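Shown next: my_file_21.tsv, given as TSV, C-alpha atoms.
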```tsv
chain	number	residue	atom	x	y	z
A	239	MET	CA	49.36	5.97	6.80
A	240	THR	CA	48.88	8.65	9.44
A	241	TYR	CA	45.68	10.61	9.79
A	242	THR	CA	45.11	13.81	11.64
A	243	PRO	CA	42.01	14.10	13.81
A	244	ASN	CA	39.20	16.32	12.65
A	245	ASN	CA	39.32	19.60	14.55
A	246	THR	CA	35.68	19.75	15.52
A	247	SER	CA	34.75	16.18	16.52
A	248	GLY	CA	38.14	14.65	17.32
A	249	GLU	CA	37.38	11.86	14.87
A	250	LEU	CA	39.77	10.83	12.16
A	251	PRO	CA	38.61	11.52	8.59
A	252	ILE	CA	38.88	7.81	7.81
A	253	GLU	CA	36.59	7.02	10.77
A	254	GLN	CA	34.03	9.50	9.52
A	255	PHE	CA	34.44	8.09	6.04
A	256	VAL	CA	33.74	4.47	7.03
A	257	ALA	CA	30.79	5.56	9.20
A	258	ASN	CA	29.27	7.57	6.37
A	259	VAL	CA	29.92	4.92	3.75
A	260	THR	CA	28.29	2.30	5.96
A	261	ASP	CA	25.18	4.47	6.31
A	262	ALA	CA	25.19	5.05	2.55
A	263	VAL	CA	25.52	1.34	1.75
A	264	GLN	CA	22.76	0.44	4.21
A	265	SER	CA	20.36	3.11	3.02
A	266	GLY	CA	21.37	2.83	-0.64
A	267	LYS	CA	20.68	6.53	-0.99
A	268	GLN	CA	23.94	8.43	-1.04
A	269	SER	CA	26.80	8.31	-3.47
A	270	ILE	CA	29.95	6.70	-2.10
A	271	ALA	CA	32.08	8.64	-4.58
A	272	TYR	CA	30.97	11.81	-2.85
A	273	PHE	CA	32.54	10.68	0.45
A	274	VAL	CA	35.77	9.54	-1.22
A	275	GLU	CA	36.11	13.02	-2.62
A	276	LYS	CA	34.97	14.78	0.56
A	277	TYR	CA	37.56	13.14	2.80
A	278	ALA	CA	40.33	13.25	0.18
A	279	LEU	CA	41.41	9.67	0.84
A	280	ASP	CA	43.69	7.41	-1.10
A	281	PRO	CA	41.24	5.92	-3.64
A	282	GLU	CA	42.74	2.45	-3.35
A	283	GLU	CA	42.44	2.33	0.41
A	284	ALA	CA	38.96	3.84	0.27
A	285	ALA	CA	37.94	1.17	-2.23
A	286	GLN	CA	39.14	-1.59	0.12
A	287	PHE	CA	36.93	-0.25	2.92
A	288	VAL	CA	33.95	0.16	0.60
A	289	GLN	CA	34.32	-3.42	-0.62
A	290	MET	CA	34.55	-4.70	2.95
A	291	ILE	CA	31.48	-2.74	4.05
A	292	ARG	CA	29.48	-4.00	1.08
A	293	LEU	CA	30.52	-7.55	1.85
A	294	LEU	CA	29.51	-7.16	5.49
A	295	ALA	CA	26.16	-5.66	4.52
A	296	SER	CA	25.41	-8.58	2.23
A	297	ALA	CA	26.64	-11.29	4.63
A	298	LEU	CA	25.19	-10.08	7.92
A	299	VAL	CA	21.46	-10.11	7.36
A	300	PRO	CA	18.69	-10.52	9.97
A	301	VAL	CA	17.60	-14.09	10.69
A	302	LYS	CA	13.94	-14.63	11.54
A	303	PRO	CA	12.88	-17.05	14.26
A	304	ASN	CA	10.35	-19.79	13.68
A	305	LYS	CA	6.80	-18.40	14.04
A	306	GLU	CA	5.73	-21.40	16.11
A	307	PHE	CA	8.55	-20.71	18.52
A	308	THR	CA	7.70	-17.01	18.94
A	309	ASN	CA	4.00	-17.76	19.41
A	310	GLN	CA	4.71	-20.47	21.96
A	311	LEU	CA	7.17	-18.29	23.84
A	312	LYS	CA	4.68	-15.43	23.98
A	313	HIS	CA	2.08	-17.82	25.34
A	314	ASP	CA	4.56	-19.12	27.93
A	315	LEU	CA	5.40	-15.56	28.96
A	316	ILE	CA	2.01	-13.92	29.21
A	317	GLY	CA	-0.51	-16.72	28.81
A	318	GLU	CA	-3.77	-16.10	27.01
A	319	PRO	CA	-4.37	-12.50	25.98
A	320	GLU	CA	-6.86	-10.57	28.10
A	321	ARG	CA	-10.26	-11.07	26.42
A	322	THR	CA	-12.34	-8.19	27.75
A	323	LEU	CA	-15.53	-6.97	26.05
A	324	VAL	CA	-13.76	-3.95	24.59
A	325	ALA	CA	-10.80	-6.10	23.51
A	326	ARG	CA	-13.13	-8.46	21.70
A	327	LEU	CA	-15.00	-5.60	20.04
A	328	THR	CA	-11.84	-3.86	18.87
A	329	GLN	CA	-10.56	-7.07	17.32
A	330	LEU	CA	-13.62	-7.36	15.07
A	331	PRO	CA	-13.33	-6.15	11.46
A	332	PRO	CA	-14.25	-2.44	11.03
A	333	ARG	CA	-17.44	-3.25	9.06
A	334	VAL	CA	-18.65	-5.54	11.83
A	335	GLN	CA	-17.80	-2.93	14.44
A	336	ILE	CA	-19.83	-0.29	12.54
A	337	ALA	CA	-22.75	-2.71	12.10
A	338	ALA	CA	-22.65	-3.62	15.80
A	339	ILE	CA	-22.63	0.05	16.84
A	340	ALA	CA	-25.50	0.83	14.41
A	341	ALA	CA	-27.55	-2.11	15.70
A	342	LEU	CA	-26.90	-1.09	19.30
A	343	GLY	CA	-27.88	2.51	18.52
A	344	ALA	CA	-31.06	1.42	16.73
A	345	GLY	CA	-32.00	-0.85	19.63
A	346	LEU	CA	-31.51	1.92	22.16
A	347	TRP	CA	-33.51	4.32	19.98
A	348	LEU	CA	-36.41	1.84	19.74
A	349	LEU	CA	-36.38	1.26	23.47
A	350	ALA	CA	-36.39	5.00	24.16
A	351	ARG	CA	-39.19	5.52	21.66
A	352	ARG	CA	-41.36	2.83	23.24
A	353	ARG	CA	-40.72	4.23	26.64
A	354	TYR	CA	-41.57	7.74	25.50
A	355	ALA	CA	-44.74	6.52	23.83
A	356	ALA	CA	-45.78	4.72	27.02
A	357	LEU	CA	-45.12	7.85	29.03
A	358	VAL	CA	-47.18	10.03	26.68
A	359	GLU	CA	-50.01	7.51	26.83
A	360	GLU	CA	-49.87	7.49	30.62
A	361	VAL	CA	-49.91	11.31	30.81
A	362	GLU	CA	-52.70	11.53	28.29
A	363	GLY	CA	-54.62	8.86	30.15
A	364	ASP	CA	-54.22	10.70	33.45
A	365	GLY	CA	-55.31	13.94	31.80
A	366	SER	CA	-58.49	12.51	30.32
A	367	ALA	CA	-59.35	10.91	33.66
A	368	GLU	CA	-58.93	14.23	35.40
A	369	ILE	CA	-61.13	15.98	32.78
A	370	ALA	CA	-63.78	13.31	33.17
A	371	ALA	CA	-63.66	13.69	36.94
A	372	ALA	CA	-63.98	17.48	36.63
A	373	ARG	CA	-67.04	17.13	34.42
B	164	MET	CA	-8.05	-10.19	39.81
B	165	LYS	CA	-9.86	-6.86	39.82
B	166	LYS	CA	-12.48	-6.57	37.12
B	167	LEU	CA	-11.77	-3.60	34.89
B	168	SER	CA	-14.46	-1.03	34.19
B	169	LEU	CA	-15.47	-0.34	30.60
B	170	ARG	CA	-13.51	2.91	30.75
B	171	GLU	CA	-10.39	1.04	31.93
B	172	GLN	CA	-10.92	-1.65	29.33
B	173	TRP	CA	-11.10	1.01	26.66
B	174	ALA	CA	-7.96	2.68	27.97
B	175	LYS	CA	-6.11	-0.64	27.89
B	176	ARG	CA	-7.51	-1.91	24.60
B	177	PRO	CA	-4.97	-3.95	22.60
B	178	LYS	CA	-4.88	-1.74	19.54
B	179	SER	CA	-3.73	1.26	21.51
B	180	LEU	CA	-0.65	-0.60	22.74
B	181	LYS	CA	0.80	-0.59	19.26
B	182	ARG	CA	0.81	3.19	19.27
B	183	LEU	CA	2.54	3.52	22.64
B	184	GLU	CA	6.20	4.33	23.15
B	185	ASP	CA	8.42	1.75	24.80
B	186	THR	CA	8.59	3.80	28.01
B	187	GLU	CA	4.79	3.85	28.27
B	188	LEU	CA	4.61	0.12	27.65
B	189	VAL	CA	7.27	-0.47	30.28
B	190	ASP	CA	5.24	1.56	32.79
B	191	LEU	CA	2.13	-0.49	32.00
B	192	ALA	CA	4.11	-3.73	32.21
B	193	LYS	CA	5.48	-2.66	35.58
B	194	ALA	CA	1.90	-2.06	36.70
B	195	GLY	CA	1.11	-5.66	35.78
B	196	SER	CA	-0.19	-5.42	32.21
B	197	LYS	CA	0.80	-8.62	30.48
B	198	ASP	CA	-0.48	-7.27	27.19
B	199	ALA	CA	1.98	-4.39	27.44
B	200	PHE	CA	4.84	-6.80	27.98
B	201	GLY	CA	3.47	-8.85	25.08
B	202	GLU	CA	3.69	-5.79	22.85
B	203	LEU	CA	7.29	-5.16	23.90
B	204	TYR	CA	8.00	-8.81	23.18
B	205	GLU	CA	6.50	-8.50	19.69
B	206	ARG	CA	8.64	-5.45	19.00
B	207	TYR	CA	11.96	-7.01	19.92
B	208	VAL	CA	11.79	-10.78	19.75
B	209	GLU	CA	13.04	-11.01	16.17
B	210	ARG	CA	15.92	-8.61	16.71
B	211	ILE	CA	17.05	-10.32	19.89
B	212	TYR	CA	16.75	-13.73	18.27
B	213	SER	CA	18.75	-12.64	15.25
B	214	TYR	CA	21.48	-11.17	17.46
B	215	ILE	CA	21.71	-14.33	19.55
B	216	TYR	CA	21.63	-16.55	16.50
B	217	TYR	CA	24.73	-14.92	15.05
B	218	ARG	CA	26.52	-15.18	18.38
B	219	THR	CA	25.68	-18.84	18.98
B	220	GLY	CA	25.55	-20.15	15.44
B	221	ASN	CA	22.54	-22.41	15.75
B	222	HIS	CA	18.77	-22.10	16.01
B	223	HIS	CA	18.40	-24.40	18.98
B	224	ASP	CA	20.56	-22.34	21.31
B	225	ALA	CA	19.24	-19.10	19.83
B	226	GLU	CA	15.70	-20.14	20.78
B	227	ASP	CA	16.76	-21.24	24.23
B	228	LEU	CA	18.63	-18.02	24.97
B	229	THR	CA	15.93	-15.81	23.45
B	230	ALA	CA	13.40	-17.39	25.79
B	231	ARG	CA	15.73	-16.80	28.73
B	232	VAL	CA	16.20	-13.15	27.77
B	233	PHE	CA	12.48	-12.46	27.81
B	234	PHE	CA	11.78	-14.46	30.95
B	235	ARG	CA	14.55	-12.54	32.70
B	236	ALA	CA	13.28	-9.22	31.35
B	237	MET	CA	9.76	-9.99	32.57
B	238	ALA	CA	11.00	-11.05	35.98
B	239	HIS	CA	13.13	-7.93	36.43
B	240	ILE	CA	11.09	-5.32	34.63
B	241	GLU	CA	10.19	-3.65	37.91
B	242	SER	CA	13.83	-2.98	38.58
B	243	TYR	CA	14.38	-1.46	35.13
B	244	THR	CA	14.68	2.31	35.07
B	245	GLU	CA	15.38	4.13	31.86
B	246	ARG	CA	18.13	6.59	32.92
B	247	GLY	CA	19.66	6.84	29.48
B	248	VAL	CA	19.40	3.12	28.74
B	249	PRO	CA	16.41	2.49	26.46
B	250	PHE	CA	14.45	-0.71	26.92
B	251	GLN	CA	15.91	-2.11	23.71
B	252	ALA	CA	19.46	-1.57	25.00
B	253	TRP	CA	18.49	-3.20	28.29
B	254	LEU	CA	17.29	-6.29	26.41
B	255	TYR	CA	20.51	-6.47	24.41
B	256	ARG	CA	22.50	-6.24	27.61
B	257	ILE	CA	20.57	-9.15	29.08
B	258	ALA	CA	21.17	-11.08	25.86
B	259	HIS	CA	24.85	-10.19	25.86
B	260	ASN	CA	25.29	-11.40	29.46
B	261	LEU	CA	23.45	-14.64	28.79
B	262	ILE	CA	25.53	-15.28	25.67
B	263	ALA	CA	28.73	-14.63	27.63
B	264	ASN	CA	27.59	-17.14	30.27
B	265	TRP	CA	26.66	-19.60	27.55
B	266	HIS	CA	30.11	-19.39	25.98
B	267	ARG	CA	31.79	-19.69	29.35
B	268	ASP	CA	29.67	-22.63	30.50
B	269	ARG	CA	30.26	-24.59	27.36
B	270	GLY	CA	33.88	-23.63	27.01
B	271	ARG	CA	33.49	-22.85	23.38
B	272	ARG	CA	34.20	-19.24	22.97
B	273	LYS	CA	34.84	-19.63	19.27
B	274	ILE	CA	31.48	-20.59	17.94
B	275	ILE	CA	30.88	-21.26	14.32
B	276	ALA	CA	28.34	-18.57	13.62
B	277	LEU	CA	25.99	-18.81	10.72
B	278	ASP	CA	26.93	-22.32	9.72
B	279	GLU	CA	23.33	-23.28	9.12
B	280	PHE	CA	22.69	-20.11	7.18
B	281	LEU	CA	25.71	-20.71	5.00
B	282	ALA	CA	24.92	-24.36	4.55
B	283	ALA	CA	21.44	-23.45	3.43
B	284	SER	CA	22.70	-20.98	0.88
B	285	LEU	CA	25.38	-23.36	-0.35
B	286	LYS	CA	22.88	-26.14	-0.82
B	287	SER	CA	20.95	-24.16	-3.41
B	288	ASP	CA	21.72	-24.82	-7.06
B	289	ALA	CA	24.40	-22.21	-7.13
B	290	PRO	CA	25.97	-21.08	-10.37
B	291	ASP	CA	29.69	-20.37	-10.33
B	292	GLN	CA	29.27	-16.73	-9.38
B	293	GLN	CA	27.08	-17.56	-6.41
B	294	ALA	CA	29.49	-20.24	-5.28
B	295	GLU	CA	32.26	-17.68	-5.42
B	296	GLU	CA	30.20	-15.19	-3.43
B	297	ASN	CA	29.44	-17.86	-0.86
B	298	GLU	CA	33.10	-18.65	-0.56
B	299	GLU	CA	33.86	-14.98	-0.05
B	300	ARG	CA	31.12	-14.71	2.54
B	301	GLU	CA	32.32	-17.81	4.34
B	302	ALA	CA	35.83	-16.36	4.51
B	303	LEU	CA	34.42	-13.13	5.87
B	304	LEU	CA	32.36	-14.88	8.54
B	305	ALA	CA	35.33	-17.00	9.54
B	306	ALA	CA	37.36	-13.80	9.88
B	307	ILE	CA	34.60	-12.23	11.98
B	308	ARG	CA	34.66	-15.26	14.28
B	309	ARG	CA	38.34	-14.67	14.93
B	310	LEU	CA	37.72	-11.11	16.10
B	311	PRO	CA	37.46	-10.25	19.79
B	312	GLU	CA	33.95	-10.60	21.20
B	313	GLU	CA	33.46	-6.84	21.48
B	314	ARG	CA	34.17	-6.33	17.79
B	315	GLN	CA	31.87	-9.16	16.75
B	316	GLN	CA	29.16	-7.53	18.84
B	317	LEU	CA	29.72	-4.18	17.17
B	318	LEU	CA	29.45	-5.66	13.67
B	319	LEU	CA	26.26	-7.54	14.50
B	320	LEU	CA	24.62	-4.51	16.07
B	321	LYS	CA	25.57	-2.36	13.10
B	322	PHE	CA	24.76	-4.71	10.23
B	323	VAL	CA	22.22	-7.21	11.51
B	324	GLU	CA	20.36	-4.97	13.92
B	325	ARG	CA	21.00	-1.79	11.93
B	326	LEU	CA	21.52	0.27	15.07
B	327	SER	CA	23.03	3.72	14.86
B	328	ASN	CA	26.42	4.49	16.37
B	329	ALA	CA	24.68	6.38	19.18
B	330	GLU	CA	22.47	3.36	19.98
B	331	ILE	CA	25.44	1.01	19.87
B	332	GLY	CA	27.27	3.41	22.17
B	333	GLN	CA	24.44	3.25	24.70
B	334	LEU	CA	24.55	-0.49	24.56
B	335	MET	CA	28.28	-0.87	24.84
B	336	ASN	CA	28.80	1.94	27.34
B	337	ARG	CA	30.87	4.03	24.97
B	338	THR	CA	30.58	7.36	23.28
B	339	GLU	CA	29.47	7.63	19.67
B	340	GLY	CA	32.98	8.73	18.71
B	341	ALA	CA	34.51	5.73	20.45
B	342	ILE	CA	32.16	3.45	18.52
B	343	LYS	CA	33.20	5.02	15.21
B	344	SER	CA	36.82	4.55	16.15
B	345	LEU	CA	36.28	0.94	17.22
B	346	TYR	CA	34.38	0.28	14.01
B	347	HIS	CA	37.22	1.60	11.91
B	348	ARG	CA	39.76	-0.53	13.77
B	349	THR	CA	37.47	-3.53	13.38
B	350	LEU	CA	37.36	-3.05	9.63
B	351	ILE	CA	41.13	-2.86	9.48
B	352	ALA	CA	41.47	-6.00	11.60
B	353	LEU	CA	38.99	-7.75	9.36
B	354	ARG	CA	40.83	-6.65	6.25
B	355	ASP	CA	44.07	-7.98	7.70
B	356	GLU	CA	42.40	-11.26	8.60
B	357	LEU	CA	41.09	-11.61	5.06
B	358	THR	CA	44.37	-10.75	3.41
B	359	GLY	CA	46.21	-13.14	5.68
B	360	SER	CA	48.21	-10.55	7.53
B	361	GLY	CA	46.00	-10.84	10.62
B	362	SER	CA	48.01	-13.70	12.03
B	363	GLN	CA	51.23	-11.75	11.74
B	364	ARG	CA	49.75	-8.69	13.40
B	365	ALA	CA	48.17	-8.70	16.82
B	366	SER	CA	45.39	-6.50	15.52
B	367	GLY	CA	44.74	-3.89	12.89
B	368	ASP	CA	45.46	-1.19	15.44
B	369	SER	CA	49.02	-0.85	14.21
B	370	LEU	CA	47.69	1.04	11.23
B	371	ASN	CA	46.20	3.60	13.51
B	372	THR	CA	47.57	6.56	15.29
B	373	ARG	CA	45.19	6.10	18.20
B	374	LYS	CA	44.44	3.37	20.69
B	375	GLY	CA	41.04	2.72	22.27
```
Now, as a test, write the supplied structure out as structure tokens.
Amino acid sequence: MTYTPNNTSGELPIEQFVANVTDAVQSGKQSIAYFVEKYALDPEEAAQFVQMIRLLASALVPVKPNKEFTNQLKHDLIGEPERTLVARLTQLPPRVQIAAIAALGAGLWLLARRRYAALVEEVEGDGSAEIAAAR
Amino acid sequence: MKKLSLREQWAKRPKSLKRLEDTELVDLAKAGSKDAFGELYERYVERIYSYIYYRTGNHHDAEDLTARVFFRAMAHIESYTERGVPFQAWLYRIAHNLIANWHRDRGRRKIIALDEFLAASLKSDAPDQQAEENEEREALLAAIRRLPEERQQLLLLKFVERLSNAEIGQLMNRTEGAIKSLYHRTLIALRDELTGSGSQRASGDSLNTRKG
């Protein structure tokens, strides 16, 4: 069978058909019948390609590596992860992070309050001493 | 090693790495951030492994070559510049070269891909229909193994890695149109292999009006 190239892209209709059908099979979203009609192909030949593409999609599936292997390789590549203060904090659960920030804030507030109180006392003390001296 | 300030620590915190683009991670990795390289590793290790596994046909060699890919990538990351080749494509190229060397060194270009995978699926208590499907799949994989290396690579990148034609083109140094054309010819060759006419024909190209 001889095909004529598509005027705009230079691709043969059958090439566009197999590319589109492959995307449709992989995404499972589009109708394959639509493409058969669109490219006006011989239904028998189109069916052969569709069957082949479906077979390929079901046979060639990703294979996952062993988790132990990937963890060990990562360790071999980069060693122990950098454990900075911020890194440690950000790895804590959100609730713990919020509690830690609240506790830190409360601590700072208490410290500031004590310091302010001491300062007021000192100023007041100095003031009363001055008044007493003036009298 | 220079101690990082709190501001720097915050800027380099692990969680933020997950949100970075590959190019940003590559820049950080070039600057010496092992965590950034670790993130790139996490993103691609499974895909690279899967690709190598199909090309070698066994887990042992897939693990060995996957490790070599990432060690080589880490050693040469400073020499990597994007220039139209995304980091992912760069990794696949390293993998492709290592696999080619592996085949050459061992003198076994025709490797039985997926034998373990098939064996595992065949071992299951398969009803007749499943046995038939497995047979069909085995025939298909055997036909794929008989294809030229370039066509095997194209099928794996398209179906296992689910890359687009444009991405495959970047990887294989071809235009998107050329990839579509090669894919079509590959399907024809595969069909001929499966129907038994592959041995009588040099390739499926004879059905085409174009060469490439």
Across B:Tyr217, B:Tyr212, B:Tyr346, B:Tyr207, the smallest distance to Trp253 (chain B), with only C-alpha atoms counted, is shown by B:Tyr207
So that I can see what lies close to Leu350 (chain B), please list as a ChimeraX atom specification the residues with an atom at most 10 Å from it, counting all atoms listed in the file and leaving out residues fewer than 6 positions away in the same chain. /A:256,286-287,290-291,294 /B:307,314,318,356,367
Please compute the CA of Leu357 (chain B)-CA of Asn297 (chain B) distance, one decimal, in Å. 14.5 Å
Within 10 Å of Ala278 (chain A), counting only C-alpha atoms, which residues show up once you throw out same-chain ones fewer than 5 positions away? Write them as a VMD selection string, please. chain A and resid 251 to 252 255 272 to 273 284
Residues from last step as file, C-alpha atoms, as a compact mmCIF listing (two decimals), keeping the file's coordinate frame:
```
# COMPACT_ATOMS: atom_id res chain seq x y z
CA PRO A 251 38.61 11.52 8.59
CA ILE A 252 38.88 7.81 7.81
CA PHE A 255 34.44 8.09 6.04
CA TYR A 272 30.97 11.81 -2.85
CA PHE A 273 32.54 10.68 0.45
CA ALA A 284 38.96 3.84 0.27
```
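The residue that comes closest to chain B, out of A:Leu279, A:Gln289, A:Ser269, A:Ile369 and on the basis of only C-alpha atoms, is A:Gln289.
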May I have the centre and edge lengths, in Å to one decimal, of an axis-aligned box around the listed atoms of region 213-228 of chain B with 3 Å added to every side, as lines of an AutoDock Vina configuration file?
```
center_x = 21.1
center_y = -17.8
center_z = 20.0
size_x = 16.8
size_y = 19.2
size_z = 15.9
```
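The residue that comes closest to chain B, out of A:Leu311, A:Ile270, A:Val288, A:Ala341 and on the basis of all atoms listed in the file, is A:Leu311.
Picture a line from CA of Ser344 (chain B) to CA of Ala257 (chain A); it runs 9.3 Å.
Distance annotation: of A:Glu306, A:Asp314, A:Glu253, A:Asp261, the residue with the minimal separation from chain B is A:Glu253; atom set is all atoms listed in the file.
When the distance limit is 7 Å and all atoms listed in the file are what count, the residues near region 221-225 of chain B, minus those fewer than 3 positions from it on the same chain, are B:Tyr212, B:Ile215, B:Tyr216, B:Leu228, B:Thr229, B:Glu279.
CA of Val232 (chain B) to CA of Ala258 (chain B) spans 5.7 Å [interatomic distance, one decimal].
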So that I can check the surroundings of Leu203 (chain B), please list as a list in words every protein, DNA and RNA residue that reaches within 8 Å of it, counting only C-alpha atoms and ignoring chain neighbours fewer than 4 positions away. Asp185, Leu188, Val189, Ala199 and Tyr207 of chain B
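Proximity ranking of B:Met335, B:Ala341, B:Ile240, B:Ala263 relative to chain A places B:Ala341 first, based on all atoms listed in the file.
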Got a minute to add N, CA and C atoms to region 197-213 of chain B and dump it as a compact mmCIF listing (two decimals), in the frame of the given file?
```txt
# COMPACT_ATOMS: atom_id res chain seq x y z
N LYS B 197 0.10 -7.60 31.27
CA LYS B 197 0.80 -8.62 30.48
C LYS B 197 0.74 -8.29 29.00
N ASP B 198 -0.36 -7.65 28.60
CA ASP B 198 -0.48 -7.27 27.19
C ASP B 198 0.61 -6.28 26.81
N ALA B 199 0.92 -5.38 27.72
CA ALA B 199 1.98 -4.39 27.44
C ALA B 199 3.32 -5.09 27.27
N PHE B 200 3.59 -6.06 28.13
CA PHE B 200 4.84 -6.80 27.98
C PHE B 200 4.81 -7.59 26.66
N GLY B 201 3.63 -8.11 26.34
CA GLY B 201 3.47 -8.85 25.08
C GLY B 201 3.79 -7.98 23.88
N GLU B 202 3.40 -6.72 23.95
CA GLU B 202 3.69 -5.79 22.85
C GLU B 202 5.20 -5.53 22.75
N LEU B 203 5.83 -5.35 23.90
CA LEU B 203 7.29 -5.16 23.90
C LEU B 203 7.98 -6.39 23.32
N TYR B 204 7.47 -7.54 23.69
CA TYR B 204 8.00 -8.81 23.18
C TYR B 204 7.91 -8.84 21.65
N GLU B 205 6.71 -8.49 21.15
CA GLU B 205 6.50 -8.50 19.69
C GLU B 205 7.49 -7.56 18.99
N ARG B 206 7.75 -6.43 19.62
CA ARG B 206 8.64 -5.45 19.00
C ARG B 206 10.08 -5.93 18.89
N TYR B 207 10.53 -6.70 19.86
CA TYR B 207 11.96 -7.01 19.92
C TYR B 207 12.35 -8.47 19.77
N VAL B 208 11.40 -9.37 19.76
CA VAL B 208 11.79 -10.78 19.75
C VAL B 208 12.65 -11.15 18.54
N GLU B 209 12.28 -10.62 17.37
CA GLU B 209 13.04 -11.01 16.17
C GLU B 209 14.46 -10.46 16.19
N ARG B 210 14.59 -9.23 16.67
CA ARG B 210 15.92 -8.61 16.71
C ARG B 210 16.82 -9.32 17.71
N ILE B 211 16.25 -9.64 18.87
CA ILE B 211 17.05 -10.32 19.89
C ILE B 211 17.43 -11.71 19.40
N TYR B 212 16.48 -12.38 18.78
CA TYR B 212 16.75 -13.73 18.27
C TYR B 212 17.88 -13.70 17.24
N SER B 213 17.76 -12.75 16.32
CA SER B 213 18.75 -12.64 15.25
C SER B 213 20.14 -12.39 15.84
```
